[in-house]
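Coordinates from final-v3.txt are shown below (compact mmCIF, C-alpha atoms).
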# COMPACT_ATOMS: atom_id res chain seq x y z
CA MET D 24 47.25 133.16 95.92
CA ALA D 25 43.77 132.19 97.11
CA VAL D 26 42.37 134.81 94.72
CA LEU D 27 44.34 133.25 91.86
CA LYS D 28 43.12 129.76 92.77
CA ASN D 29 39.54 131.00 92.86
CA PHE D 30 39.95 132.73 89.51
CA ALA D 31 41.69 129.73 87.92
CA ASP D 32 38.95 127.39 89.13
CA ARG D 33 36.21 129.67 87.83
CA GLN D 34 37.85 130.17 84.44
CA HIS D 35 39.19 126.59 84.12
CA ILE D 36 42.77 127.85 83.83
CA THR D 37 45.42 125.15 84.14
CA PHE D 38 48.59 127.09 83.22
CA PRO D 39 50.49 128.74 86.09
CA LEU D 40 49.09 131.97 87.50
CA LEU D 41 51.81 133.59 89.58
CA SER D 42 51.24 135.72 92.61
CA ASP D 43 53.27 138.91 93.05
CA PRO D 44 51.64 140.38 96.15
CA ASP D 45 54.41 142.90 96.87
CA SER D 46 54.93 143.75 93.17
CA LYS D 47 58.53 142.49 93.35
CA ILE D 48 58.49 140.93 89.90
CA ILE D 49 56.61 143.91 88.51
CA ARG D 50 59.32 146.25 89.86
CA ALA D 51 62.12 143.98 88.61
CA PHE D 52 60.62 144.24 85.13
CA ASP D 53 60.22 148.03 85.64
CA ILE D 54 56.56 148.05 84.67
CA LEU D 55 55.05 149.31 87.93
CA ASN D 56 52.30 151.79 87.20
CA GLU D 57 53.58 154.83 89.08
CA THR D 58 50.59 156.97 88.21
CA VAL D 59 48.58 155.10 90.85
CA PRO D 60 48.76 156.89 94.24
CA LYS D 61 50.45 154.89 97.00
CA ASP D 62 47.54 155.21 99.41
CA THR D 63 45.00 153.58 97.09
CA PRO D 64 44.05 149.90 96.99
CA THR D 65 45.23 149.56 93.41
CA TYR D 66 48.81 150.69 94.13
CA GLY D 67 51.27 148.06 92.95
CA ILE D 68 49.61 147.15 89.67
CA PRO D 69 51.72 146.74 86.52
CA TYR D 70 51.13 148.20 83.12
CA PRO D 71 49.37 145.20 81.56
CA GLY D 72 51.20 143.51 78.73
CA THR D 73 52.54 140.30 77.27
CA TYR D 74 56.08 139.13 76.58
CA ILE D 75 57.06 136.30 74.26
CA LEU D 76 60.34 134.86 75.57
CA ASP D 77 62.73 132.40 74.01
CA THR D 78 64.02 129.43 76.01
CA GLN D 79 66.86 131.58 77.39
CA GLY D 80 64.46 134.21 78.74
CA ARG D 81 65.24 136.72 76.02
CA VAL D 82 62.38 138.94 74.80
CA ALA D 83 61.31 137.85 71.31
CA GLY D 84 58.28 140.11 71.23
CA LYS D 85 56.22 142.25 73.55
CA TYR D 86 52.71 143.62 73.42
CA PHE D 87 51.54 146.51 75.55
CA GLU D 88 48.63 148.83 74.80
CA ASP D 89 48.77 152.54 75.63
CA ASP D 90 45.21 152.45 76.91
CA PHE D 91 44.82 149.97 79.78
CA ARG D 92 41.22 149.28 78.76
CA GLU D 93 42.51 147.81 75.53
CA ARG D 94 44.23 144.43 75.50
CA THR D 95 45.82 142.32 72.93
CA SER D 96 44.50 138.76 72.65
CA ALA D 97 46.18 135.40 72.20
CA SER D 98 44.96 135.21 68.62
CA ASP D 99 46.24 138.71 67.88
CA ILE D 100 49.70 137.81 69.22
CA LEU D 101 49.69 134.70 67.04
CA PHE D 102 49.16 137.02 64.10
CA ARG D 103 51.66 139.72 65.05
CA GLN D 104 54.40 137.39 66.31
CA TYR D 105 53.96 134.43 63.98
CA GLY D 106 51.84 135.68 61.07
CA GLN D 107 49.02 133.23 61.76
CA SER D 108 45.58 134.66 61.21
CA GLY D 109 42.42 132.89 62.22
CA ASP D 110 39.73 130.94 60.47
CA VAL D 111 36.79 131.39 62.79
CA GLY D 112 33.25 132.09 61.72
CA GLY D 113 33.95 132.37 58.05
CA GLY D 114 31.45 133.10 55.33
CA THR D 115 31.77 132.67 51.57
CA VAL D 116 30.52 135.02 48.87
CA VAL D 117 30.65 134.03 45.21
CA ALA D 118 31.02 137.10 43.00
CA LYS D 119 31.91 137.71 39.36
CA HIS D 120 35.28 136.16 38.49
CA LEU D 121 36.18 135.46 42.09
CA ARG D 122 35.13 133.95 45.39
CA LEU D 123 35.56 135.73 48.73
CA THR D 124 35.75 134.24 52.20
CA THR D 125 35.69 136.17 55.46
CA ALA D 126 37.11 135.00 58.79
CA ALA D 127 38.30 136.32 62.12
CA SER D 128 40.86 135.28 64.71
CA THR D 129 38.25 134.90 67.43
CA PRO D 130 34.55 134.00 67.43
CA THR D 131 33.91 136.40 70.29
CA ALA D 132 33.95 140.18 70.49
CA ARG D 133 35.04 141.47 73.89
CA PRO D 134 35.29 145.11 74.92
CA GLY D 135 38.76 146.54 74.26
CA HIS D 136 40.07 143.35 72.70
CA ARG D 137 42.30 143.38 69.69
CA SER D 138 41.42 140.87 66.96
CA VAL D 139 42.36 140.10 63.37
CA LEU D 140 39.92 140.07 60.47
CA SER D 141 40.80 138.14 57.34
CA LEU D 142 39.55 138.35 53.79
CA ASP D 143 40.59 135.78 51.20
CA PHE D 144 39.94 136.12 47.52
CA TYR D 145 40.23 133.30 45.00
CA LEU D 146 40.30 134.40 41.38
CA GLU D 147 39.12 132.28 38.50
CA PRO D 148 41.92 130.94 36.27
CA LYS D 149 43.55 133.52 33.98
CA MET D 150 41.95 136.40 35.90
CA HIS D 151 43.83 139.11 37.70
CA VAL D 152 42.95 142.12 39.83
CA TYR D 153 45.09 145.19 40.38
CA SER D 154 46.98 145.97 43.55
CA PRO D 155 46.96 149.38 45.26
CA GLY D 156 49.38 151.79 43.63
CA VAL D 157 48.49 150.76 40.09
CA GLN D 158 48.23 153.59 37.56
CA GLY D 159 45.24 153.82 35.23
CA TYR D 160 43.30 150.83 36.62
CA ILE D 161 41.03 150.28 39.61
CA PRO D 162 42.93 148.55 42.43
CA ILE D 163 41.34 146.25 44.99
CA GLU D 164 40.00 148.04 48.03
CA TRP D 165 38.88 146.53 51.33
CA LYS D 166 36.58 148.86 53.24
CA LEU D 167 35.35 148.30 56.77
CA ASP D 168 32.46 150.25 58.18
CA THR D 169 33.47 149.99 61.81
CA GLY D 170 31.58 153.09 62.94
CA THR D 171 31.91 153.21 66.73
CA MET D 172 32.22 149.43 67.03
CA ALA D 173 35.97 149.19 66.64
CA LYS D 174 39.17 151.05 65.96
CA LEU D 175 40.98 150.12 62.76
CA HIS D 176 44.73 149.61 62.81
CA ALA D 177 47.00 150.42 59.91
CA PHE D 178 47.35 147.52 57.49
CA ASP D 179 49.22 146.60 54.35
CA TYR D 180 47.87 144.87 51.31
CA PRO D 181 49.94 141.78 50.48
CA SER D 182 52.75 142.15 47.99
CA SER D 183 51.73 141.78 44.38
CA LYS D 184 53.43 140.50 41.24
CA MET D 185 54.35 142.55 38.20
CA MET D 186 52.59 141.19 35.14
CA ARG D 187 53.40 141.96 31.52
CA LEU D 188 50.31 142.55 29.37
CA GLU D 189 51.62 142.07 25.84
CA ALA D 190 48.35 143.08 24.16
CA ILE D 191 48.63 146.61 25.52
CA ARG D 192 52.40 146.63 26.19
CA GLU D 193 52.08 147.45 29.86
CA THR D 194 53.57 146.00 33.04
CA VAL D 195 51.22 146.29 36.00
CA PRO D 196 51.08 145.13 39.68
CA VAL D 197 48.47 142.38 40.02
CA TYR D 198 47.18 139.55 42.16
CA GLN D 199 46.31 136.19 40.64
CA GLY D 200 44.96 133.01 42.16
CA HIS D 201 44.58 133.41 45.91
CA ALA D 202 45.54 136.17 48.32
CA ARG D 203 44.77 136.81 51.97
CA LEU D 204 44.29 140.25 53.46
CA ASN D 205 44.56 140.66 57.23
CA ARG D 206 43.53 143.62 59.28
CA GLU D 207 43.60 144.26 63.02
CA ILE D 208 40.82 145.96 64.92
CA THR D 209 40.30 146.84 68.58
CA PHE D 210 36.73 146.57 69.80
CA ALA D 211 35.27 149.61 71.56
CA ALA D 212 34.40 149.83 75.25
CA GLU D 213 31.52 147.82 76.69
CA ASP D 214 29.07 150.73 76.93
CA VAL D 215 29.65 151.52 73.24
CA LEU D 216 29.30 147.91 72.09
CA LYS D 217 26.19 146.99 74.05
CA PRO D 218 23.68 149.06 72.01
CA LEU D 219 25.11 147.53 68.82
CA VAL D 220 24.48 143.93 69.87
CA THR D 221 21.67 142.21 67.96
CA ALA D 222 18.72 140.48 69.64
CA SER D 223 20.53 137.17 69.14
CA GLY D 224 23.66 138.44 70.90
CA GLU D 225 25.85 139.15 67.91
CA LEU D 226 27.94 142.03 66.69
CA ILE D 227 28.04 142.38 62.92
CA LEU D 228 30.82 144.33 61.29
CA LYS D 229 30.07 145.32 57.72
CA GLY D 230 32.48 146.07 54.93
CA SER D 231 33.02 145.70 51.23
CA PHE D 232 35.54 144.57 48.67
CA ARG D 233 35.95 146.50 45.43
CA TYR D 234 37.87 145.17 42.46
CA GLN D 235 38.13 145.16 38.73
CA ALA D 236 38.82 141.75 37.25
CA CYS D 237 40.68 141.44 33.96
CA ASP D 238 42.04 138.63 31.87
CA ASP D 239 44.67 138.92 29.13
CA ARG D 240 42.09 140.24 26.68
CA GLU D 241 39.75 142.55 28.50
CA CYS D 242 38.73 144.17 31.74
CA TYR D 243 35.28 143.69 33.22
CA VAL D 244 32.96 146.11 35.00
CA PRO D 245 34.26 147.04 38.48
CA GLU D 246 32.38 145.27 41.29
CA THR D 247 31.75 146.15 44.93
CA VAL D 248 30.80 143.15 47.07
CA PRO D 249 29.22 143.72 50.50
CA LEU D 250 30.75 141.62 53.26
CA GLU D 251 30.23 141.01 56.93
CA TRP D 252 32.03 139.57 59.92
CA GLN D 253 29.92 138.17 62.75
CA PHE D 254 30.98 137.91 66.37
CA ARG D 255 29.29 136.66 69.50
CA PHE D 256 29.35 139.48 72.01
CA ALA D 257 30.76 138.77 75.49
CA GLY D 258 30.83 141.45 78.15
CA LEU D 259 33.53 141.98 80.73
CA ASP D 260 33.91 139.41 83.50
CA ARG D 261 32.73 141.33 86.55
CA GLU D 262 32.63 138.41 88.95
CA ARG D 263 34.84 138.93 91.97
CA ALA D 264 36.52 136.51 94.31
CA PRO D 265 34.49 135.74 97.45
CA ALA D 266 34.64 138.63 99.90
CA ALA D 267 36.71 136.65 102.38
CA LEU D 268 39.47 136.25 99.78
CA GLN D 269 39.54 139.83 98.60
CA ARG D 270 42.85 141.42 99.39
CA ARG D 271 41.51 144.81 100.43
CA PRO D 272 38.09 145.92 101.52
CA THR D 273 35.96 147.31 98.72
CA GLN D 274 36.16 151.07 98.69
CA PRO D 275 32.90 152.94 99.28
CA MET W 117 45.39 129.07 72.42
CA ARG W 118 45.11 125.82 70.51
CA LYS W 119 47.99 126.77 68.24
CA THR W 120 50.32 127.67 71.13
CA PHE W 121 50.40 124.34 72.88
CA TRP W 122 54.18 124.45 72.79
CA LEU W 123 54.38 127.73 74.65
CA SER W 124 53.87 127.57 78.34
CA GLY W 125 51.53 130.37 79.25
CA ILE W 126 51.89 132.04 82.60
CA LEU W 127 50.26 135.00 84.20
CA VAL W 128 51.74 137.25 86.84
CA ALA W 129 49.18 139.03 88.98
CA GLY W 130 49.80 142.36 90.58
CA LEU W 131 47.41 143.69 93.17
CA SER W 132 43.88 143.72 92.77
CA GLY W 133 44.86 150.73 87.28
CA GLN W 134 50.50 158.79 79.60
CA SER W 135 53.06 157.13 78.59
CA ILE W 136 53.48 153.66 79.87
CA LYS W 137 56.50 151.60 80.84
CA THR W 138 56.95 148.35 78.97
CA GLY W 139 60.03 146.87 80.63
CA PRO W 140 62.81 144.87 78.95
CA ALA W 141 63.26 145.57 75.24
CA VAL W 142 63.10 143.00 72.47
CA GLY W 143 66.42 141.13 72.52
CA GLN W 144 67.07 141.71 76.23
CA LEU W 145 67.01 139.05 78.92
CA VAL W 146 64.21 139.44 81.44
CA PRO W 147 64.98 139.30 85.17
CA ASP W 148 64.72 135.88 86.79
CA PHE W 149 61.93 135.52 89.31
CA SER W 150 60.31 133.13 91.72
CA ALA W 151 56.70 133.16 92.83
CA GLN W 152 53.91 130.89 93.98
CA ASP W 153 51.32 129.73 91.52
CA GLN W 154 47.61 129.22 92.18
CA ALA W 155 48.25 125.76 93.63
CA GLY W 156 50.93 127.03 96.02
CA ARG W 157 53.80 125.55 94.02
CA ALA W 158 57.04 127.51 93.75
CA GLN W 159 57.69 128.55 90.15
CA THR W 160 60.62 130.29 88.49
CA LEU W 161 61.23 131.59 84.99
CA LYS W 162 63.00 128.31 84.25
CA SER W 163 60.20 126.14 85.63
CA VAL W 164 57.54 127.82 83.50
CA THR W 165 59.61 127.85 80.30
CA GLY W 166 58.40 125.37 77.71
CA PRO W 167 60.40 123.62 74.95
CA LYS W 168 60.08 126.69 72.70
CA GLY W 169 59.81 129.49 75.19
CA THR W 170 57.32 131.27 77.38
CA MET W 171 54.39 133.58 77.05
CA LEU W 172 54.47 135.86 80.09
CA VAL W 173 51.37 137.98 80.71
CA PHE W 174 51.26 140.75 83.29
CA PHE W 175 47.77 141.66 84.39
CA ARG W 176 46.38 143.89 87.05
CA SER W 177 44.34 141.53 89.15
CA ALA W 178 42.42 138.28 89.13
CA ASP W 179 39.79 139.85 91.30
CA TRP W 180 38.47 143.02 89.66
As structure tokens, please, write out the structure in this file.
Amino acid sequence: MAVLKNFADRQHITFPLLSDPDSKIIRAFDILNETVPKDTPTYGIPYPGTYILDTQGRVAGKYFEDDFRERTSASDILFRQYGQSGDVGGGTVVAKHLRLTTAASTPTARPGHRSVLSLDFYLEPKMHVYSPGVQGYIPIEWKLDTGTMAKLHAFDYPSSKMMRLEAIRETVPVYQGHARLNREITFAAEDVLKPLVTASGELILKGSFRYQACDDRECYVPETVPLEWQFRFAGLDRERAPAALQRRPTQP
Amino acid sequence: MRKTFWLSGILVAGLSGQSIKTGPAVGQLVPDFSAQDQAGRAQTLKSVTGPKGTMLVFFRSADW
């Protein structure tokens, strides 16, 4: 409990942090990590994860990562549980026949954290672009050059509308007006991220958006617009509770 | 967390880390519990539940 108080004070946490020193709650939930040997100081830890409960205590959603070094984040749960994606650190690019804005669910990139990138496009009136799956036209394509910086999760393009083009007697899947694309990433480990951080402390994720804009009369030259998402890098919190509060002596 | 003001967030600390266990399934009730919080107050599932529910985070330690 003293460790929790110390941590809460340091991190300015005001919501309840509960102490489960004998792992009773962890066992009741059946999430004790049994791969940890009993004679080690870390025995008793849970598999880390998050539950969203309704007012009756029923599980509405749960978020566990297979790799304990990777964690979901509050903003990622907002997206996966409630469909809310973020609007942090956005940039705007004006391109031919449309405007693009980039945003992310968090301003900060932390090792192993899962975040949501967003890309909005706003088409000029009467313009449309084609959705993936279209035959004979160039669909929109959102590329991300994550390299070693992050892992990309599977994502879906938003649903499109079928549009009748009388001039050529075709019905095609299109987007008009505004659409938002969302995509989850998990940042790499700290040792991988550190060499990628700029002199000003940022991580820059590059990508592009390809599209072919058409109106009811003609299609224009396909465009590829370079994009970027900027994050402030924050390393892992390695500060420990004062030695007197530490539950077990530090192992040699 | 600014958009989750209506959820009460709580953290349950274990000690100071395949296939993993993830506990109660979606739709199931979680076990009731009681534990002390960082201020020494007794808390239960009911006491930490907000008007729209609870976000319950299990983490490995607040120390390392």
ask   = Using all atoms listed in the file, which chain D residues lie at most 8 Å away from chain W, written as a PyMOL selection string?
value = chain D and resi 24-28+30-31+38-46+48-49+51-56+59+64-85+87+89+91+97-98+261-264+269-270
Glu193 (chain D) environment, 12 Å, all atoms listed in the file, sequence neighbours closer than 2 positions dropped, as a PyMOL selection string:
chain D and resi 157-160+185-191+195-197+239
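Pairwise distance (CA of Val248 (chain D), CA of Thr131 (chain D)) equals 24.4 Å.
The interatomic distance for the pair CA of Phe102 (chain D) and CA of Gln253 (chain D) works out to 19.3 Å.
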Show me, as a list of chain:residue names, the residues that have an atom within 9 Å of Ser231 (chain D) when counting all atoms listed in the file, minus same-chain residues fewer than 3 positions from it.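 Near Ser231 (chain D), the qualifying residues are D:Glu164, D:Trp165, D:Lys166, D:Leu167, D:Asp168, D:Thr247, D:Val248, D:Pro249, D:Leu250, D:Glu251.
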Using only the atoms of region 36-44 of chain D listed in the file, plus 4 Å on each side, state the axis-aligned box centre and edge lengths in Å rounded to one decimal, as AutoDock Vina command-line options.
--center_x 48.0 --center_y 132.8 --center_z 89.7 --size_x 18.5 --size_y 23.2 --size_z 20.9
Which residues, protein or nucleic acid, reach to within 7 Å of (46.5, 144.4, 60.6) in the file's coordinates when using all atoms listed in the file, and can you give that as a PDB file with C-alpha atoms, keeping the file's coordinate frame?
ATOM      1  CA  VAL D 139      42.360 140.100  63.370  1.00  0.00           C
ATOM      2  CA  HIS D 176      44.730 149.610  62.810  1.00  0.00           C
ATOM      3  CA  ALA D 177      47.000 150.420  59.910  1.00  0.00           C
ATOM      4  CA  PHE D 178      47.350 147.520  57.490  1.00  0.00           C
ATOM      5  CA  ASN D 205      44.560 140.660  57.230  1.00  0.00           C
ATOM      6  CA  ARG D 206      43.530 143.620  59.280  1.00  0.00           C
ATOM      7  CA  GLU D 207      43.600 144.260  63.020  1.00  0.00           C
TER       8      GLU D 207
END
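The space separating CA of Gln235 (chain D) from CA of Pro162 (chain D) comes to 6.9 Å.
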Practice problem: For region 119-122 of chain D, work out the shell of residues within 6 Å, counting all atoms listed in the file and skipping chain neighbours fewer than 6 positions away, then give it as a ChimeraX atom specification. | Solution: /D:144-147
> Which polymer residues have any atom within 9 Å of an atom of Gly109 (chain D), counting all atoms listed in the file, with same-chain residues fewer than 5 positions away left out, as a list in words?
Replying inline: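 Counting all atoms listed in the file, the residues come to Ser98, Asp99, Leu101, Phe102, Ala126, Ala127, Ser128, Thr129, Val139, Leu140 and Ser141 of chain D.
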